[in-house]
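Before any comments, here is the structure.
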Amino acid sequence: MLSNKLQSELNKQMNNEFVSEYEYLSMAAYFHCMNLDGIANYFHVQTQEEHFHAMKIFHFIIDKGGKVELQQIAKPDYDFASPIVVFEKALEHEKKVTRSINDLMDEAIKENDHAVNNFLRWYVDEQVEEEAMASKSLGRMQLIDGKGEGLLLLDQEFASRSFIAPKE
Ligand code: FEO
C-alpha cells in the first residue's frame with residue numbers, strides 16, 4: 001500500500017507530466033504557425049514522451065492499490081517571443097520536473113518505500129536524458145540565432161525525430 005503522502009505526491013507528478021504534454025503541444029502549435037513543421041514534430045514527439053511518463057505513473061498507482069486522482073491542467077503559454085524562447089522554456093520546464101522527481105524520491109527514501117524508490121529510478125535516469133536533449137536543442141537553436149537558413153536546416157533535421165516507447 002502507498003502512504004497517503006506518496007499517493008498524493010505520485011498523483012501530483014502524474015499531473016506534472018500531463019502539464020508537460022500540454023505545454024509541448026502548445027509549443028508544437030507555435031512552430032506549425034511559423035510553417036516549421038519539422039520543429040513542430042520535435043515537440044509532438046515530446047508530447048508523446050510526456051504522455052508515456054504520465055501513464056506509467058497512472059498504472060503504477062493502480063498496481064499499488066492506490067487511487068488515481070486527475071487534476072486540472074492550466075492553460076499553457078502560447079504566445080512565445082521567439083523560437084529561442086520556446087527552447088529556453090522547454091529546458092526550464094525539464095529542470096522543474098527533475099526537481100519534483102527528486103523531491104518525490106526523497107519522500108520514498110524517507111518512508112523506506114522500496115517499490116516507489118525503485119519505480120522512480122527510471123524517472124531519475126530519464127530526466128538526465130530529458131535535460132540533455134533540451135539543453136542540446138537550445139544550444140543549437142542559439143548557435144543559429146533562432147533564424148535564417150539555420151532554422152530551416154534544424155527544421156529538416158527535427159522532422160525525422162520519432163517516438164520510441166522506452167523499455168519498461
Ligand atoms: Fe516527463 Fe520531459 O519529463
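As shown in the C-alpha cells, the chain order sets the letters A, B, ...; within each chain, residues go from 1, and ligands are also counted from 1 in the order they appear.
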Determine, counting only C-alpha atoms, which protein, DNA and RNA residues have an atom within 12 Å of an atom of Lys89 of chain A; residues of the same chain fewer than 3 positions away are not included. Present the result as a short mmCIF file (atom, residue, chain, number, x, y, z; two decimals) with C-alpha atoms, in the first residue's frame.
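Result written to result.cif:
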```cif
data_model
loop_
_atom_site.label_atom_id
_atom_site.label_comp_id
_atom_site.auth_asym_id
_atom_site.auth_seq_id
_atom_site.Cartn_x
_atom_site.Cartn_y
_atom_site.Cartn_z
CA SER A 20 4.34 18.89 -19.78
CA GLU A 23 2.89 22.70 -22.78
CA TYR A 24 4.80 20.88 -25.52
CA SER A 26 1.34 24.39 -27.41
CA MET A 27 4.97 24.72 -28.49
CA PRO A 76 -0.06 26.75 -21.29
CA ASP A 77 1.96 29.61 -22.78
CA TYR A 78 1.21 30.05 -26.46
CA PHE A 80 6.17 32.96 -27.45
CA ALA A 81 8.55 35.83 -28.23
CA SER A 82 10.86 33.77 -30.45
CA PRO A 83 11.95 30.19 -31.29
CA ILE A 84 14.85 30.54 -28.84
CA VAL A 85 12.45 31.49 -26.04
CA VAL A 86 10.47 28.29 -26.69
CA GLU A 92 13.45 25.42 -17.74
CA HIS A 93 10.45 23.12 -17.63
CA GLU A 94 12.56 19.96 -17.66
CA LYS A 95 14.67 21.32 -14.78
CA LYS A 96 11.49 21.89 -12.80
CA GLU A 131 17.55 17.75 -19.72
CA ALA A 134 16.51 20.11 -24.11
CA SER A 135 19.89 21.69 -23.40
CA SER A 137 18.46 21.62 -28.71
CA LEU A 138 18.55 25.05 -27.06
#
```
Q. Neighbours of ligand 1 within 7 Å, counting only C-alpha atoms and all ligand atoms, as number ranges by chain?
A. A: 17, 20, 49-50, 53, 94, 97, 127, 130
**12 Å contact set for segment 139-155 of chain A, only C-alpha atoms, chain neighbours under 3 positions out, as number ranges by chain** = A: 31-32, 34-43, 81-88, 91, 131-136, 158-161
Those same residues - N, CA and C atoms - I'd like them written as a PDB file, in the first residue's frame.
```pdb
ATOM      1  N   PHE A  31       5.170  26.379 -33.663  1.00  0.00           N
ATOM      2  CA  PHE A  31       6.044  26.142 -34.822  1.00  0.00           C
ATOM      3  C   PHE A  31       5.237  25.814 -36.094  1.00  0.00           C
ATOM      4  N   HIS A  32       4.097  25.154 -35.938  1.00  0.00           N
ATOM      5  CA  HIS A  32       3.237  24.947 -37.121  1.00  0.00           C
ATOM      6  C   HIS A  32       2.850  26.300 -37.712  1.00  0.00           C
ATOM      7  N   MET A  34       4.489  28.906 -37.732  1.00  0.00           N
ATOM      8  CA  MET A  34       5.635  29.515 -38.431  1.00  0.00           C
ATOM      9  C   MET A  34       6.007  28.710 -39.685  1.00  0.00           C
ATOM     10  N   ASN A  35       5.186  27.711 -40.001  1.00  0.00           N
ATOM     11  CA  ASN A  35       5.478  26.801 -41.130  1.00  0.00           C
ATOM     12  C   ASN A  35       6.747  25.983 -40.907  1.00  0.00           C
ATOM     13  N   LEU A  36       7.070  25.765 -39.648  1.00  0.00           N
ATOM     14  CA  LEU A  36       8.239  24.942 -39.313  1.00  0.00           C
ATOM     15  C   LEU A  36       7.724  23.610 -38.752  1.00  0.00           C
ATOM     16  N   ASP A  37       7.199  22.805 -39.662  1.00  0.00           N
ATOM     17  CA  ASP A  37       6.543  21.554 -39.233  1.00  0.00           C
ATOM     18  C   ASP A  37       7.528  20.525 -38.662  1.00  0.00           C
ATOM     19  N   GLY A  38       8.786  20.640 -39.061  1.00  0.00           N
ATOM     20  CA  GLY A  38       9.791  19.715 -38.528  1.00  0.00           C
ATOM     21  C   GLY A  38      10.051  19.988 -37.053  1.00  0.00           C
ATOM     22  N   ILE A  39      10.153  21.259 -36.695  1.00  0.00           N
ATOM     23  CA  ILE A  39      10.376  21.595 -35.278  1.00  0.00           C
ATOM     24  C   ILE A  39       9.088  21.298 -34.487  1.00  0.00           C
ATOM     25  N   ALA A  40       7.953  21.515 -35.148  1.00  0.00           N
ATOM     26  CA  ALA A  40       6.680  21.138 -34.503  1.00  0.00           C
ATOM     27  C   ALA A  40       6.702  19.641 -34.209  1.00  0.00           C
ATOM     28  N   ASN A  41       7.228  18.863 -35.128  1.00  0.00           N
ATOM     29  CA  ASN A  41       7.308  17.404 -34.922  1.00  0.00           C
ATOM     30  C   ASN A  41       8.152  17.063 -33.695  1.00  0.00           C
ATOM     31  N   TYR A  42       9.242  17.801 -33.521  1.00  0.00           N
ATOM     32  CA  TYR A  42      10.107  17.599 -32.336  1.00  0.00           C
ATOM     33  C   TYR A  42       9.245  17.697 -31.072  1.00  0.00           C
ATOM     34  N   PHE A  43       8.361  18.695 -31.036  1.00  0.00           N
ATOM     35  CA  PHE A  43       7.536  18.880 -29.833  1.00  0.00           C
ATOM     36  C   PHE A  43       6.374  17.879 -29.773  1.00  0.00           C
ATOM     37  N   ALA A  81       7.877  34.680 -27.596  1.00  0.00           N
ATOM     38  CA  ALA A  81       8.550  35.826 -28.230  1.00  0.00           C
ATOM     39  C   ALA A  81       9.425  35.412 -29.413  1.00  0.00           C
ATOM     40  N   SER A  82       9.974  34.210 -29.365  1.00  0.00           N
ATOM     41  CA  SER A  82      10.863  33.770 -30.454  1.00  0.00           C
ATOM     42  C   SER A  82      11.106  32.266 -30.325  1.00  0.00           C
ATOM     43  N   PRO A  83      11.634  31.617 -31.389  1.00  0.00           N
ATOM     44  CA  PRO A  83      11.949  30.189 -31.287  1.00  0.00           C
ATOM     45  C   PRO A  83      12.929  29.893 -30.134  1.00  0.00           C
ATOM     46  N   ILE A  84      13.887  30.787 -29.922  1.00  0.00           N
ATOM     47  CA  ILE A  84      14.852  30.542 -28.838  1.00  0.00           C
ATOM     48  C   ILE A  84      14.139  30.518 -27.488  1.00  0.00           C
ATOM     49  N   VAL A  85      13.197  31.427 -27.310  1.00  0.00           N
ATOM     50  CA  VAL A  85      12.454  31.487 -26.042  1.00  0.00           C
ATOM     51  C   VAL A  85      11.719  30.164 -25.783  1.00  0.00           C
ATOM     52  N   VAL A  86      11.182  29.575 -26.847  1.00  0.00           N
ATOM     53  CA  VAL A  86      10.472  28.295 -26.688  1.00  0.00           C
ATOM     54  C   VAL A  86      11.424  27.239 -26.121  1.00  0.00           C
ATOM     55  N   PHE A  87      12.621  27.167 -26.698  1.00  0.00           N
ATOM     56  CA  PHE A  87      13.577  26.151 -26.235  1.00  0.00           C
ATOM     57  C   PHE A  87      14.117  26.474 -24.838  1.00  0.00           C
ATOM     58  N   GLU A  88      14.201  27.766 -24.534  1.00  0.00           N
ATOM     59  CA  GLU A  88      14.603  28.140 -23.157  1.00  0.00           C
ATOM     60  C   GLU A  88      13.557  27.656 -22.167  1.00  0.00           C
ATOM     61  N   LEU A  91      13.687  23.862 -21.620  1.00  0.00           N
ATOM     62  CA  LEU A  91      14.758  23.441 -20.704  1.00  0.00           C
ATOM     63  C   LEU A  91      14.396  23.783 -19.256  1.00  0.00           C
ATOM     64  N   GLU A 131      16.830  16.479 -19.849  1.00  0.00           N
ATOM     65  CA  GLU A 131      17.548  17.754 -19.716  1.00  0.00           C
ATOM     66  C   GLU A 131      18.645  17.869 -20.768  1.00  0.00           C
ATOM     67  N   ALA A 132      19.335  16.749 -21.034  1.00  0.00           N
ATOM     68  CA  ALA A 132      20.420  16.786 -22.017  1.00  0.00           C
ATOM     69  C   ALA A 132      19.863  17.143 -23.401  1.00  0.00           C
ATOM     70  N   MET A 133      18.750  16.524 -23.749  1.00  0.00           N
ATOM     71  CA  MET A 133      18.122  16.782 -25.055  1.00  0.00           C
ATOM     72  C   MET A 133      17.661  18.238 -25.152  1.00  0.00           C
ATOM     73  N   ALA A 134      17.012  18.730 -24.099  1.00  0.00           N
ATOM     74  CA  ALA A 134      16.506  20.115 -24.115  1.00  0.00           C
ATOM     75  C   ALA A 134      17.672  21.102 -24.179  1.00  0.00           C
ATOM     76  N   SER A 135      18.735  20.794 -23.451  1.00  0.00           N
ATOM     77  CA  SER A 135      19.888  21.686 -23.405  1.00  0.00           C
ATOM     78  C   SER A 135      20.606  21.718 -24.761  1.00  0.00           C
ATOM     79  N   LYS A 136      20.771  20.546 -25.360  1.00  0.00           N
ATOM     80  CA  LYS A 136      21.441  20.467 -26.650  1.00  0.00           C
ATOM     81  C   LYS A 136      20.620  21.184 -27.734  1.00  0.00           C
ATOM     82  N   PHE A 158      14.846  18.046 -37.398  1.00  0.00           N
ATOM     83  CA  PHE A 158      13.888  17.668 -36.354  1.00  0.00           C
ATOM     84  C   PHE A 158      12.667  16.930 -36.925  1.00  0.00           C
ATOM     85  N   ALA A 159      12.481  17.045 -38.230  1.00  0.00           N
ATOM     86  CA  ALA A 159      11.337  16.362 -38.859  1.00  0.00           C
ATOM     87  C   ALA A 159      11.470  14.843 -38.747  1.00  0.00           C
ATOM     88  N   SER A 160      12.707  14.364 -38.571  1.00  0.00           N
ATOM     89  CA  SER A 160      12.902  12.908 -38.549  1.00  0.00           C
ATOM     90  C   SER A 160      12.822  12.319 -37.141  1.00  0.00           C
ATOM     91  N   ARG A 161      12.648  13.161 -36.145  1.00  0.00           N
ATOM     92  CA  ARG A 161      12.563  12.617 -34.777  1.00  0.00           C
ATOM     93  C   ARG A 161      11.281  11.792 -34.655  1.00  0.00           C
TER      94      ARG A 161
END
```
DSSP on the backbone, helix (DSSP H, G or I) only: what residues of segment 15-168 of chain A does that give? Format it as a VMD selection string. chain A and resid 15 to 33 37 to 63 83 to 110 114 to 143 148 to 158
**Message:** Using only C-alpha atoms, can you tell me which of A:Pro166, A:Val19, A:Met14, A:Lys5 comes closest to Ala74 of chain A?
**Reply:**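 That would be A:Val19, the residue with the smallest distance to Ala74 of chain A.
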Worksheet item: To one decimal place, how far is atom CA of Leu70 of chain A from atom CA of Ala54 of chain A in Å?
Response: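 Separation of atom CA of Leu70 of chain A and atom CA of Ala54 of chain A: 10.6 Å.
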Please identify all polymer residues within 10 Å of Ala115 of chain A, counting only C-alpha atoms, omitting same-chain residues fewer than 6 positions from it, and present them as a count of residues only.
5
List the neighbours of Asn11 of chain A out to 8 Å using only C-alpha atoms; skip same-chain residues closer than 6 positions along the sequence, and give me the result as an mmCIF file with N, CA and C atoms, in the first residue's frame.
```cif
data_model
loop_
_atom_site.group_PDB
_atom_site.id
_atom_site.type_symbol
_atom_site.label_atom_id
_atom_site.label_comp_id
_atom_site.auth_asym_id
_atom_site.auth_seq_id
_atom_site.Cartn_x
_atom_site.Cartn_y
_atom_site.Cartn_z
ATOM 1 N N ILE A 57 3.003 6.355 -14.468
ATOM 2 C CA ILE A 57 2.658 6.615 -13.061
ATOM 3 C C ILE A 57 1.213 6.192 -12.793
ATOM 4 N N PHE A 58 0.336 6.514 -13.728
ATOM 5 C CA PHE A 58 -1.083 6.138 -13.625
ATOM 6 C C PHE A 58 -1.192 4.635 -13.300
ATOM 7 N N VAL A 68 -6.084 6.879 -8.364
ATOM 8 C CA VAL A 68 -5.646 7.896 -9.318
ATOM 9 C C VAL A 68 -6.589 9.088 -9.220
ATOM 10 N N GLU A 69 -5.994 10.278 -9.076
ATOM 11 C CA GLU A 69 -6.810 11.498 -8.991
ATOM 12 C C GLU A 69 -6.306 12.480 -10.040
ATOM 13 N N LEU A 70 -7.036 12.555 -11.147
ATOM 14 C CA LEU A 70 -6.635 13.502 -12.196
ATOM 15 C C LEU A 70 -6.901 14.926 -11.722
#
```
Quiz item: Distance atom CA of Ile73 of chain A-atom CA of Arg99 of chain A, one decimal place?
Solution: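 Atom-to-atom, atom CA of Ile73 of chain A to atom CA of Arg99 of chain A, that is 19.2 Å.
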Give the answer as one residue: which of A:Asn102, A:Cys33, A:Leu25, A:Ile62 has the shortest atom-to-atom distance to Thr47 of chain A, using only C-alpha atoms?
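Checking each of A:Asn102, A:Cys33, A:Leu25, A:Ile62 against Thr47 of chain A, counting only C-alpha atoms, the winner is A:Leu25.
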Can you list, as a list in words, every protein, DNA or RNA residue that comes within 8 Å of Ile101 of chain A when you count only C-alpha atoms, leaving out same-chain residues fewer than 6 positions away?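 Contacts, in chain order: Gln13, Leu120, Tyr123 and Val124 of chain A.
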Among A:Asn16, A:Asn4, A:Gln156, A:Phe119, Lys56 of chain A is approached most closely, using only C-alpha atoms, by A:Phe119
The distance between atom CA of Val128 of chain A and atom CA of Ser100 of chain A is 13.4 Å
